[in-house]
Structures are given as structure tokens and as C-alpha cells.
>>> print(open('my_file_31.pdb').read())   # PDB, C-alpha atoms
ATOM      1  CA  MET O  53     -31.803  -2.633  89.242
ATOM      2  CA  VAL O  54     -31.423  -6.113  87.806
ATOM      3  CA  ILE O  55     -32.504  -7.621  91.133
ATOM      4  CA  THR O  56     -35.570  -5.389  91.233
ATOM      5  CA  VAL O  57     -36.650  -6.556  87.787
ATOM      6  CA  VAL O  58     -36.275 -10.203  88.809
ATOM      7  CA  GLY O  59     -38.410  -9.385  91.870
ATOM      8  CA  ILE O  60     -41.100  -7.844  89.677
ATOM      9  CA  ILE O  61     -41.178 -10.932  87.441
ATOM     10  CA  ARG O  62     -41.591 -13.254  90.421
ATOM     11  CA  ALA O  63     -43.991 -11.264  92.639
ATOM     12  CA  HIS O  64     -47.688 -12.140  92.455
ATOM     13  CA  ASN O  65     -48.922  -9.419  94.779
ATOM     14  CA  LEU O  66     -49.590  -6.490  92.486
ATOM     15  CA  PHE O  67     -49.018  -4.009  95.300
ATOM     16  CA  ALA O  68     -45.463  -5.345  95.642
ATOM     17  CA  VAL O  69     -45.058  -5.180  91.852
ATOM     18  CA  VAL O  70     -46.043  -1.509  91.785
ATOM     19  CA  MET O  71     -43.765  -0.635  94.707
ATOM     20  CA  LEU O  72     -40.825  -2.466  93.109
ATOM     21  CA  GLY O  73     -41.584  -0.525  89.938
ATOM     22  CA  GLY O  74     -41.193   2.699  91.928
ATOM     23  CA  VAL O  75     -37.906   1.482  93.432
ATOM     24  CA  TYR O  76     -36.702   0.609  89.936
ATOM     25  CA  SER O  77     -37.537   4.108  88.670
ATOM     26  CA  PHE O  78     -35.646   5.739  91.539
ATOM     27  CA  LEU O  79     -32.607   3.540  90.870
ATOM     28  CA  MET O  80     -32.802   4.534  87.220
ATOM     29  CA  ALA O  81     -32.921   8.204  88.237
ATOM     30  CA  THR O  82     -29.777   7.698  90.336
ATOM     31  CA  VAL O  83     -27.994   6.055  87.420
ATOM     32  CA  MET O  84     -28.968   9.027  85.243
ATOM     33  CA  VAL O  85     -27.224  11.399  87.688
ATOM     34  CA  ILE O  86     -24.072   9.300  87.430
ATOM     35  CA  LEU O  87     -24.350   9.444  83.643
ATOM     36  CA  ASP O  88     -24.480  13.289  83.799
ATOM     37  CA  ALA O  89     -28.120  13.464  82.696
ATOM     38  CA  VAL O  90     -29.425  15.583  85.574
ATOM     39  CA  ASP O  91     -32.510  16.856  83.730
ATOM     40  CA  VAL O  92     -33.515  13.339  82.748
ATOM     41  CA  SER O  93     -32.937  12.182  86.299
ATOM     42  CA  MET O  94     -35.240  14.829  87.764
ATOM     43  CA  THR O  95     -37.955  14.030  85.246
ATOM     44  CA  GLU O  96     -37.628  10.288  85.825
ATOM     45  CA  ALA O  97     -37.840  10.715  89.619
ATOM     46  CA  ALA O  98     -40.884  12.985  89.410
ATOM     47  CA  VAL O  99     -42.752  11.411  86.515
ATOM     48  CA  GLY O 100     -41.529   7.800  86.437
ATOM     49  CA  ALA O 101     -41.255   7.103  90.153
ATOM     50  CA  GLY O 102     -43.871   9.549  91.423
ATOM     51  CA  MET O 103     -46.606   9.990  88.856
ATOM     52  CA  SER O 104     -46.681   6.441  87.418
ATOM     53  CA  THR O 105     -46.689   4.873  90.876
ATOM     54  CA  VAL O 106     -49.592   7.055  91.986
ATOM     55  CA  LEU O 107     -51.524   6.193  88.814
ATOM     56  CA  LEU O 108     -50.838   2.467  89.251
ATOM     57  CA  LEU O 109     -51.903   2.576  92.905
ATOM     58  CA  ALA O 110     -55.105   4.390  91.943
ATOM     59  CA  VAL O 111     -55.889   1.642  89.427
ATOM     60  CA  LEU O 112     -55.080  -1.046  92.009
ATOM     61  CA  HIS O 113     -57.613   0.611  94.300
ATOM     62  CA  LEU O 114     -60.219   0.459  91.531
ATOM     63  CA  THR O 115     -59.490  -3.153  90.536
ATOM     64  CA  GLN O 116     -57.798  -6.066  92.312
ATOM     65  CA  THR O 117     -54.434  -6.583  93.986
ATOM     66  CA  ARG O 118     -53.689 -10.285  93.326
ATOM     67  CA  GLU O 119     -52.327 -11.771  90.149
ATOM     68  CA  ALA O 120     -53.709 -15.169  89.166
ATOM     69  CA  PRO O 121     -51.008 -17.842  88.781
ATOM     70  CA  LEU O 122     -49.916 -18.619  85.236
ATOM     71  CA  ARG O 123     -51.956 -21.409  83.647
ATOM     72  CA  HIS O 124     -49.521 -22.413  80.939
ATOM     73  CA  THR O 125     -45.779 -22.822  81.120
ATOM     74  CA  PRO O 126     -44.133 -19.706  79.705
ATOM     75  CA  ALA O 127     -41.828 -21.693  77.395
ATOM     76  CA  ILE O 128     -42.513 -19.879  74.127
ATOM     77  CA  PRO O 129     -42.229 -16.352  75.611
ATOM     78  CA  LEU O 130     -38.998 -17.422  77.313
ATOM     79  CA  ILE O 131     -37.508 -18.656  74.039
ATOM     80  CA  VAL O 132     -38.596 -15.508  72.210
ATOM     81  CA  CYS O 133     -37.066 -13.318  74.922
ATOM     82  CA  LEU O 134     -33.804 -15.252  74.996
ATOM     83  CA  LEU O 135     -33.524 -15.009  71.211
ATOM     84  CA  THR O 136     -34.183 -11.262  71.363
ATOM     85  CA  GLY O 137     -31.624 -10.851  74.125
ATOM     86  CA  GLY O 138     -29.042 -12.875  72.228
ATOM     87  CA  ALA O 139     -29.534 -10.807  69.096
ATOM     88  CA  LEU O 140     -29.232  -7.567  71.079
ATOM     89  CA  VAL O 141     -26.046  -8.681  72.845
ATOM     90  CA  TYR O 142     -24.611  -9.634  69.463
ATOM     91  CA  GLY O 143     -25.519  -6.134  68.279
ATOM     92  CA  THR O 144     -23.756  -4.454  71.201
ATOM     93  CA  LEU O 145     -20.428  -5.954  70.137
ATOM     94  CA  ASP O 146     -20.305  -3.416  67.313
ATOM     95  CA  LEU O 147     -21.265  -0.397  69.435
ATOM     96  CA  PRO O 148     -18.544   2.013  70.560
ATOM     97  CA  PRO O 149     -17.206   1.441  74.093
ATOM     98  CA  PHE O 150     -18.568   3.338  77.098
ATOM     99  CA  GLY O 151     -17.468   6.922  77.770
ATOM    100  CA  GLU O 152     -15.592   7.543  74.535
ATOM    101  CA  ALA O 153     -15.515  11.227  73.496
ATOM    102  CA  ASN O 154     -14.643  10.376  69.876
ATOM    103  CA  ALA O 155     -17.523   7.929  69.343
ATOM    104  CA  PRO O 156     -19.682   8.836  66.318
ATOM    105  CA  GLN O 157     -22.737   9.802  68.379
ATOM    106  CA  ASN O 158     -20.680  12.377  70.294
ATOM    107  CA  GLN O 159     -19.191  13.927  67.141
ATOM    108  CA  HIS O 160     -22.366  14.647  65.193
ATOM    109  CA  VAL O 161     -24.364  17.745  66.247
ATOM    110  CA  ALA O 162     -23.487  17.645  69.942
ATOM    111  CA  PRO O 163     -20.269  19.735  69.670
ATOM    112  CA  TYR O 164     -22.217  22.422  67.819
ATOM    113  CA  TYR O 165     -24.812  22.573  70.600
ATOM    114  CA  ILE O 166     -22.161  22.685  73.303
ATOM    115  CA  GLU O 167     -20.212  25.478  71.610
ATOM    116  CA  ASN O 168     -23.050  27.668  70.361
ATOM    117  CA  ALA O 169     -26.064  27.044  72.584
ATOM    118  CA  GLU O 170     -25.201  29.632  75.204
ATOM    119  CA  HIS O 171     -24.722  32.675  72.966
ATOM    120  CA  GLU O 172     -27.436  31.645  70.483
ATOM    121  CA  THR O 173     -30.217  31.023  72.996
ATOM    122  CA  GLY O 174     -28.978  32.667  76.195
ATOM    123  CA  SER O 175     -29.454  29.539  78.309
ATOM    124  CA  PRO O 176     -26.397  28.048  80.040
ATOM    125  CA  ASN O 177     -28.251  24.731  80.345
ATOM    126  CA  ILE O 178     -27.714  23.117  76.950
ATOM    127  CA  VAL O 179     -30.484  20.558  77.448
ATOM    128  CA  THR O 180     -33.027  23.323  77.970
ATOM    129  CA  ALA O 181     -31.670  25.238  74.987
ATOM    130  CA  VAL O 182     -31.974  22.247  72.662
ATOM    131  CA  LEU O 183     -35.379  21.227  74.040
ATOM    132  CA  ALA O 184     -37.012  24.618  73.743
ATOM    133  CA  SER O 185     -35.147  26.145  70.838
ATOM    134  CA  TYR O 186     -33.359  23.828  68.401
ATOM    135  CA  ARG O 187     -35.882  21.017  68.780
ATOM    136  CA  GLY O 188     -38.962  23.000  69.699
ATOM    137  CA  TYR O 189     -41.112  21.051  67.244
ATOM    138  CA  ASP O 190     -40.326  17.809  69.081
ATOM    139  CA  THR O 191     -41.644  19.367  72.233
ATOM    140  CA  LEU O 192     -44.749  20.587  70.421
ATOM    141  CA  GLY O 193     -45.334  17.025  69.210
ATOM    142  CA  GLU O 194     -44.856  15.749  72.738
ATOM    143  CA  VAL O 195     -47.504  18.126  74.044
ATOM    144  CA  THR O 196     -49.853  16.909  71.297
ATOM    145  CA  VAL O 197     -49.304  13.301  72.387
ATOM    146  CA  ILE O 198     -50.026  14.117  76.024
ATOM    147  CA  PHE O 199     -53.128  16.071  75.058
ATOM    148  CA  THR O 200     -54.409  13.154  72.963
ATOM    149  CA  ALA O 201     -53.685  10.699  75.775
ATOM    150  CA  GLY O 202     -55.516  12.937  78.245
ATOM    151  CA  ILE O 203     -58.570  13.080  75.993
ATOM    152  CA  GLY O 204     -58.439   9.309  75.543
ATOM    153  CA  VAL O 205     -58.311   8.699  79.285
ATOM    154  CA  LEU O 206     -61.217  11.052  79.889
ATOM    155  CA  ILE O 207     -63.349   9.445  77.167
ATOM    156  CA  LEU O 208     -62.590   5.897  78.379
ATOM    157  CA  LEU O 209     -63.419   6.650  81.996
ATOM    158  CA  ALA O 210     -66.394   8.881  81.328
ATOM    159  CA  SER O 211     -68.119   6.490  78.919
ATOM    160  CA  GLY O 212     -68.263   3.839  81.643
ATOM    161  CA  LEU O 213     -69.830   6.143  84.173
ATOM    162  CA  ARG O 214     -72.349   8.189  82.262
ATOM    163  CA  PRO O 215     -75.281   5.736  81.899
ATOM    164  CA  ARG O 216     -75.604   5.115  85.631
ATOM    165  CA  ARG O 217     -74.706   8.262  87.551
ATOM    166  CA  ARG O 218     -74.119  11.342  85.591
ATOM    167  CA  LYS O 219     -73.482  13.536  88.603
ATOM    168  CA  ASN O 220     -70.271  11.808  89.710
ATOM    169  CA  VAL O 221     -68.517  11.969  86.353
ATOM    170  CA  ASP O 222     -66.376  14.963  87.219
ATOM    171  CA  SER O 223     -65.196  13.812  90.620
ATOM    172  CA  GLU O 224     -64.377  10.311  89.327
ATOM    173  CA  GLN O 225     -62.198  11.583  86.520
ATOM    174  CA  ASP O 226     -59.847  13.662  88.616
ATOM    175  CA  PRO O 227     -57.116  11.135  89.549
ATOM    176  CA  LYS O 228     -56.536  10.236  85.894
ATOM    177  CA  ASP O 229     -56.802  13.789  84.669
ATOM    178  CA  ASN O 230     -53.539  14.680  86.402
ATOM    179  CA  ALA O 231     -51.656  12.734  83.752
ATOM    180  CA  ALA O 232     -52.324  15.454  81.242
TER     181      ALA O 232
ATOM    182  CA  MET U 111     -11.532  -7.615  80.540
ATOM    183  CA  THR U 112     -11.692  -4.079  79.182
ATOM    184  CA  THR U 113     -14.115  -5.217  76.464
ATOM    185  CA  ILE U 114     -16.422  -6.659  79.088
ATOM    186  CA  LEU U 115     -16.389  -3.444  81.124
ATOM    187  CA  ALA U 116     -16.794  -1.290  78.011
ATOM    188  CA  ASP U 117     -19.940  -3.138  76.979
ATOM    189  CA  LEU U 118     -21.371  -3.794  80.446
ATOM    190  CA  ASN U 119     -23.793  -0.867  80.258
ATOM    191  CA  TYR U 120     -25.276  -2.285  77.051
ATOM    192  CA  TRP U 121     -25.661  -5.729  78.584
ATOM    193  CA  VAL U 122     -27.467  -4.394  81.651
ATOM    194  CA  THR U 123     -29.734  -2.517  79.259
ATOM    195  CA  VAL U 124     -30.373  -5.669  77.257
ATOM    196  CA  PHE U 125     -31.213  -7.619  80.410
ATOM    197  CA  LEU U 126     -33.692  -4.965  81.575
ATOM    198  CA  LEU U 127     -35.225  -4.810  78.101
ATOM    199  CA  VAL U 128     -35.622  -8.572  77.858
ATOM    200  CA  GLY U 129     -37.012  -8.703  81.412
ATOM    201  CA  GLY U 130     -39.635  -6.129  80.505
ATOM    202  CA  LEU U 131     -40.454  -7.956  77.286
ATOM    203  CA  TYR U 132     -40.828 -11.235  79.191
ATOM    204  CA  ILE U 133     -43.284  -9.651  81.649
ATOM    205  CA  VAL U 134     -45.336  -8.197  78.800
ATOM    206  CA  VAL U 135     -45.490 -11.446  76.838
ATOM    207  CA  ALA U 136     -45.666 -14.116  79.527
ATOM    208  CA  HIS U 137     -47.889 -12.602  82.229
ATOM    209  CA  GLY U 138     -51.649 -12.411  81.875
ATOM    210  CA  ASN U 139     -52.367  -9.719  84.446
ATOM    211  CA  MET U 140     -52.808  -6.391  82.720
ATOM    212  CA  ILE U 141     -51.395  -4.177  85.467
ATOM    213  CA  LYS U 142     -48.270  -6.330  85.545
ATOM    214  CA  LYS U 143     -48.065  -6.100  81.784
ATOM    215  CA  LEU U 144     -48.083  -2.303  82.052
ATOM    216  CA  VAL U 145     -45.331  -2.334  84.696
ATOM    217  CA  GLY U 146     -43.344  -4.559  82.327
ATOM    218  CA  LEU U 147     -43.964  -2.110  79.506
ATOM    219  CA  SER U 148     -42.610   0.744  81.607
ATOM    220  CA  ILE U 149     -39.495  -1.313  82.466
ATOM    221  CA  PHE U 150     -39.032  -1.923  78.747
ATOM    222  CA  GLN U 151     -39.286   1.815  78.057
ATOM    223  CA  THR U 152     -36.930   2.744  80.882
ATOM    224  CA  SER U 153     -34.279   0.353  79.594
ATOM    225  CA  VAL U 154     -34.397   2.214  76.284
ATOM    226  CA  TYR U 155     -33.719   5.454  78.177
ATOM    227  CA  LEU U 156     -30.571   3.825  79.533
ATOM    228  CA  LEU U 157     -29.613   2.656  76.045
ATOM    229  CA  PHE U 158     -29.814   6.259  74.797
ATOM    230  CA  ILE U 159     -28.183   8.020  77.744
ATOM    231  CA  SER U 160     -25.213   5.744  78.379
ATOM    232  CA  PRO U 161     -23.462   6.220  74.978
ATOM    233  CA  GLY U 162     -23.785   9.999  75.471
ATOM    234  CA  LYS U 163     -21.661   9.921  78.613
ATOM    235  CA  VAL U 164     -18.111  11.142  78.114
ATOM    236  CA  LEU U 165     -15.617   9.951  80.717
ATOM    237  CA  GLY U 166     -14.296  12.963  82.628
ATOM    238  CA  GLY U 167     -17.161  15.128  81.385
ATOM    239  CA  THR U 168     -19.802  16.897  83.442
ATOM    240  CA  ALA U 169     -23.510  17.569  83.003
ATOM    241  CA  PRO U 170     -24.170  19.761  79.929
ATOM    242  CA  ILE U 171     -24.613  23.055  81.772
ATOM    243  CA  ILE U 172     -22.098  25.682  80.705
ATOM    244  CA  ALA U 173     -19.988  26.811  83.662
ATOM    245  CA  GLU U 174     -16.566  28.279  84.331
ATOM    246  CA  GLY U 175     -13.791  25.765  84.713
ATOM    247  CA  PHE U 176     -15.369  22.887  82.755
ATOM    248  CA  ASP U 177     -14.389  22.060  79.198
ATOM    249  CA  VAL U 178     -15.735  18.552  78.681
ATOM    250  CA  TYR U 179     -19.474  18.005  78.657
ATOM    251  CA  SER U 180     -21.567  14.910  78.067
ATOM    252  CA  ASN U 181     -23.668  14.765  74.920
ATOM    253  CA  PRO U 182     -26.870  16.812  75.534
ATOM    254  CA  LEU U 183     -28.852  15.464  72.588
ATOM    255  CA  PRO U 184     -29.886  12.072  74.059
ATOM    256  CA  HIS U 185     -30.960  13.829  77.244
ATOM    257  CA  VAL U 186     -33.389  15.976  75.266
ATOM    258  CA  LEU U 187     -34.782  13.021  73.333
ATOM    259  CA  ILE U 188     -35.272  10.987  76.500
ATOM    260  CA  LEU U 189     -36.962  13.849  78.348
ATOM    261  CA  THR U 190     -39.583  13.752  75.623
ATOM    262  CA  ALA U 191     -39.738   9.945  75.751
ATOM    263  CA  ILE U 192     -40.303   9.834  79.533
ATOM    264  CA  VAL U 193     -43.325  12.099  79.344
ATOM    265  CA  VAL U 194     -44.770  10.265  76.356
ATOM    266  CA  GLY U 195     -44.179   6.971  78.194
ATOM    267  CA  VAL U 196     -46.241   8.133  81.151
ATOM    268  CA  ALA U 197     -49.013   9.224  78.795
ATOM    269  CA  THR U 198     -48.985   5.704  77.322
ATOM    270  CA  ILE U 199     -49.161   4.096  80.761
ATOM    271  CA  ALA U 200     -52.012   6.396  81.801
ATOM    272  CA  LEU U 201     -54.012   5.487  78.699
ATOM    273  CA  GLY U 202     -53.345   1.778  79.278
ATOM    274  CA  LEU U 203     -54.449   2.049  82.885
ATOM    275  CA  ALA U 204     -57.650   3.792  81.836
ATOM    276  CA  LEU U 205     -58.322   0.836  79.504
ATOM    277  CA  VAL U 206     -57.665  -1.563  82.400
ATOM    278  CA  VAL U 207     -60.160   0.269  84.623
ATOM    279  CA  ARG U 208     -62.710   0.178  81.813
ATOM    280  CA  ILE U 209     -62.178  -3.576  81.221
ATOM    281  CA  HIS U 210     -62.488  -4.240  84.939
ATOM    282  CA  LYS U 211     -65.755  -2.313  85.011
ATOM    283  CA  SER U 212     -67.243  -4.262  82.091
ATOM    284  CA  TYR U 213     -65.944  -7.780  82.788
ATOM    285  CA  GLY U 214     -64.939  -7.775  86.466
ATOM    286  CA  THR U 215     -61.466  -9.166  85.801
ATOM    287  CA  ILE U 216     -58.075  -7.961  84.561
ATOM    288  CA  GLU U 217     -56.652 -11.412  83.828
ATOM    289  CA  GLU U 218     -56.221 -12.304  80.171
ATOM    290  CA  ASP U 219     -57.003 -16.017  80.726
ATOM    291  CA  GLU U 220     -60.283 -15.251  82.496
ATOM    292  CA  LEU U 221     -61.253 -12.851  79.711
ATOM    293  CA  HIS U 222     -60.661 -15.642  77.185
ATOM    294  CA  ASP U 223     -62.929 -17.933  79.249
ATOM    295  CA  LEU U 224     -65.658 -15.281  79.288
ATOM    296  CA  GLU U 225     -65.339 -14.886  75.527
ATOM    297  CA  SER U 226     -65.629 -18.621  74.817
ATOM    298  CA  ASP U 227     -68.579 -18.995  77.208
ATOM    299  CA  ALA U 228     -70.522 -16.242  75.528
TER     300      ALA U 228
END
>>> encode(input="my_file_31.pdb", output="C-alpha cells")
Amino acid sequence: MVITVVGIIRAHNLFAVVMLGGVYSFLMATVMVILDAVDVSMTEAAVGAGMSTVLLLAVLHLTQTREAPLRHTPAIPLIVCLLTGGALVYGTLDLPPFGEANAPQNQHVAPYYIENAEHETGSPNIVTAVLASYRGYDTLGEVTVIFTAGIGVLILLASGLRPRRRKNVDSEQDPKDNAA
Amino acid sequence: MTTILADLNYWVTVFLLVGGLYIVVAHGNMIKKLVGLSIFQTSVYLLFISPGKVLGGTAPIIAEGFDVYSNPLPHVLILTAIVVGVATIALGLALVVRIHKSYGTIEEDELHDLESDA
């Protein structure tokens, strides 16, 4: 995964960048399986690796596939990023070690969900139970965000097309519309 | 040695996060910026999921014969975050298409040149 990211930073062909992005998403999905997050892994493989890559390729088709070389040396961004990274690594020293069952985050509400989710909601999959039942409002908010984004995409793409050829508006919108 | 292994997942996360941040800040091409943004987001997924893992546990689906489960809460939060992340990327890409239509370029530097010429 780390190698893929370095490849993305260095590549100037945008097609290669998009493909490496897809590879990165699939690797992340694999890591999620190892970390026991099977639902997240499936979503990441379908949405992150599949959907985003298709969207990016569609935009590459509509625009250009080469990145212009950098005009200025990226010294300031590099310093900012190194400072951020240093601060984050310093922060990790206080976090609980990997895989600990007694860490604070695993002692809060999680035991309640694991013990009660099945007989309270009837779903053996705790992730589904929490998503649809205990935290249903989160999911409602998520749907609102996607709906808003879909409207935004439609407005942005339609406003560019309308003055010239009104007839093609519908067919041109379709690839983006899938995001909603 | 054990400390290094215990924190390794966080350090990989930090590297991915900083890599994504670097792409967003340093590169002028907008599509590359968006790929960097999605790397940044994905590293946050890892930051949330990895502390929820319990060694010796299984996926949080109740089944006979398993007593230890990983924490389901981060999984739920990240499911939401993945979908919202894709919505963000889609909106950004729509903006890129629109900018390309109006100005004929998706490079930040060239857009600055166009601005100063006008």
C-alpha cells in the first residue's frame, strides 16, 4: 500500500494514477478483511475500487490524461506534511497498542452491541444491526449527503450543457448520475 | 520491539495520510488532487478500523462457537464515511469537468495564468 502511494505521487500519467488508486483501494479492502471488518471491505471494494475508478476514468475521458510538470519546488508543502506527520506519530505514542481487548474504545458501547444486538434487532450481523437500528439517524444523514451531492453533480454538469444543446442534457448526465 | 509492532498500524496510517496530504497540497492537477484526497480519506478508515480489531476475535457476526468479536462500531461509522467520501469525489469530479469545459485546462498553474492575463 505504501509503495502504491509513492507510485501515485511520482506518476505523471493520470491514467496510471487512477489505476494505482484502484489498486490501492483493493489493497485497503484486503487489509479490512484481515482486520475483521468484512462489511467495510465489501463496500470499499465495490465503492472505492469500482465506483470511484469508473468515475475518475469517465472524467479522464472528458478532460486530459497528462499532468503538467510542477513549476515550483514543493518545499513548503513538504515541510508542512513532514510537520503534520511528526505530530501524528507523536500522538500515536499515547494510543493503546494494536489488538487489545481492554483498550478504552473496545470497552465503551461495543460490548453492549455484541451482547444485545441479536435479540433486540433480530440480526446476527451486528454491523447491520447498529447501522440500521441503533444508529439509523446516521444512515439517514448519509442518504441526505448523497442526495445533495447527486443534485450538485447534476446542476454542475447540466448548467454547462444547456445553452448549446438542450437535447443531449439527459444522455450526458448519466455516467455521473450513478453516484447517487 | 513490541512497542514498534504495537504502533506499526498507526504509523502506516500516518504515512498514507501524509502522502495523501502531500498530493493534495503540492500537485496542481485537479484529478491528481482528488486521488490524493481519496487516499487521505482511506487512511482515516484504517485509523478507525485498526484499533477496533481484537486479537483472536472474529468478524462481528454472531455465530455458534465464537465468543470474541471485533468492535462493530468503527465498522458502522466507516461504512457511512466510505459512501460519503465517494459522494465528495463525484462532486469534485463534476467541478473538474465544468472547469475543463469553461477554461480548457485542469492545471492550477495554467488557471492562474489565465486569471492574470484577463
>>> interface_residues(input="my_file_31.pdb", of="chain U", to="chain O", cutoff="7 Å", atoms="all atoms listed in the file", output="NGL selection string")
:U and (116-117 or 120-121 or 124 or 126 or 128-129 or 131-133 or 135-136 or 139 or 145 or 160-165 or 168-172 or 180-183 or 185-186 or 188-190 or 192 or 194 or 196-197 or 200-201 or 203-205 or 207-208 or 210)
>>> write_last_selection(input="my_file_31.pdb", atoms="C-alpha atoms", output="mmCIF file, in the frame of the given file")
data_model
loop_
_atom_site.group_PDB
_atom_site.id
_atom_site.type_symbol
_atom_site.label_atom_id
_atom_site.label_comp_id
_atom_site.auth_asym_id
_atom_site.auth_seq_id
_atom_site.Cartn_x
_atom_site.Cartn_y
_atom_site.Cartn_z
ATOM 1 C CA ALA U 116 -16.794 -1.290 78.011
ATOM 2 C CA ASP U 117 -19.940 -3.138 76.979
ATOM 3 C CA TYR U 120 -25.276 -2.285 77.051
ATOM 4 C CA TRP U 121 -25.661 -5.729 78.584
ATOM 5 C CA VAL U 124 -30.373 -5.669 77.257
ATOM 6 C CA LEU U 126 -33.692 -4.965 81.575
ATOM 7 C CA VAL U 128 -35.622 -8.572 77.858
ATOM 8 C CA GLY U 129 -37.012 -8.703 81.412
ATOM 9 C CA LEU U 131 -40.454 -7.956 77.286
ATOM 10 C CA TYR U 132 -40.828 -11.235 79.191
ATOM 11 C CA ILE U 133 -43.284 -9.651 81.649
ATOM 12 C CA VAL U 135 -45.490 -11.446 76.838
ATOM 13 C CA ALA U 136 -45.666 -14.116 79.527
ATOM 14 C CA ASN U 139 -52.367 -9.719 84.446
ATOM 15 C CA VAL U 145 -45.331 -2.334 84.696
ATOM 16 C CA SER U 160 -25.213 5.744 78.379
ATOM 17 C CA PRO U 161 -23.462 6.220 74.978
ATOM 18 C CA GLY U 162 -23.785 9.999 75.471
ATOM 19 C CA LYS U 163 -21.661 9.921 78.613
ATOM 20 C CA VAL U 164 -18.111 11.142 78.114
ATOM 21 C CA LEU U 165 -15.617 9.951 80.717
ATOM 22 C CA THR U 168 -19.802 16.897 83.442
ATOM 23 C CA ALA U 169 -23.510 17.569 83.003
ATOM 24 C CA PRO U 170 -24.170 19.761 79.929
ATOM 25 C CA ILE U 171 -24.613 23.055 81.772
ATOM 26 C CA ILE U 172 -22.098 25.682 80.705
ATOM 27 C CA SER U 180 -21.567 14.910 78.067
ATOM 28 C CA ASN U 181 -23.668 14.765 74.920
ATOM 29 C CA PRO U 182 -26.870 16.812 75.534
ATOM 30 C CA LEU U 183 -28.852 15.464 72.588
ATOM 31 C CA HIS U 185 -30.960 13.829 77.244
ATOM 32 C CA VAL U 186 -33.389 15.976 75.266
ATOM 33 C CA ILE U 188 -35.272 10.987 76.500
ATOM 34 C CA LEU U 189 -36.962 13.849 78.348
ATOM 35 C CA THR U 190 -39.583 13.752 75.623
ATOM 36 C CA ILE U 192 -40.303 9.834 79.533
ATOM 37 C CA VAL U 194 -44.770 10.265 76.356
ATOM 38 C CA VAL U 196 -46.241 8.133 81.151
ATOM 39 C CA ALA U 197 -49.013 9.224 78.795
ATOM 40 C CA ALA U 200 -52.012 6.396 81.801
ATOM 41 C CA LEU U 201 -54.012 5.487 78.699
ATOM 42 C CA LEU U 203 -54.449 2.049 82.885
ATOM 43 C CA ALA U 204 -57.650 3.792 81.836
ATOM 44 C CA LEU U 205 -58.322 0.836 79.504
ATOM 45 C CA VAL U 207 -60.160 0.269 84.623
ATOM 46 C CA ARG U 208 -62.710 0.178 81.813
ATOM 47 C CA HIS U 210 -62.488 -4.240 84.939
#
>>> closest_atom_pairs(input="my_file_31.pdb", of="range 128-200 of chain U", to="range 213-226 of chain U", cutoff="9 Å", atoms="only C-alpha atoms", output="Markdown table")
| residue | atom | partner | partner_atom | distance |
| --- | --- | --- | --- | --- |
| U:His137 | CA | U:Glu218 | CA | 8.6 |
| U:Gly138 | CA | U:Glu218 | CA | 4.9 |
| U:Asn139 | CA | U:Glu217 | CA | 4.6 |
| U:Met140 | CA | U:Ile216 | CA | 5.8 |
| U:Ile141 | CA | U:Ile216 | CA | 7.7 |
>>> atom_distance(input="my_file_31.pdb", atom1="CA of Asp227 in chain U", atom2="CA of Ile209 in chain U")
17.2 Å
>>> atom_distance(input="my_file_31.pdb", atom1="CA of Tyr155 in chain U", atom2="CA of Asn168 in chain O")
25.9 Å
>>> atom_distance(input="my_file_31.pdb", atom1="CA of Leu79 in chain O", atom2="CA of Gly195 in chain U")
17.5 Å
>>> axis_aligned_box(input="my_file_31.pdb", around="range 168-183 of chain O", padding_each_side="5 Å", output="JSON")
{"center_x": -29.2, "center_y": 26.6, "center_z": 75.4, "size_x": 22.3, "size_y": 22.1, "size_z": 20.0}
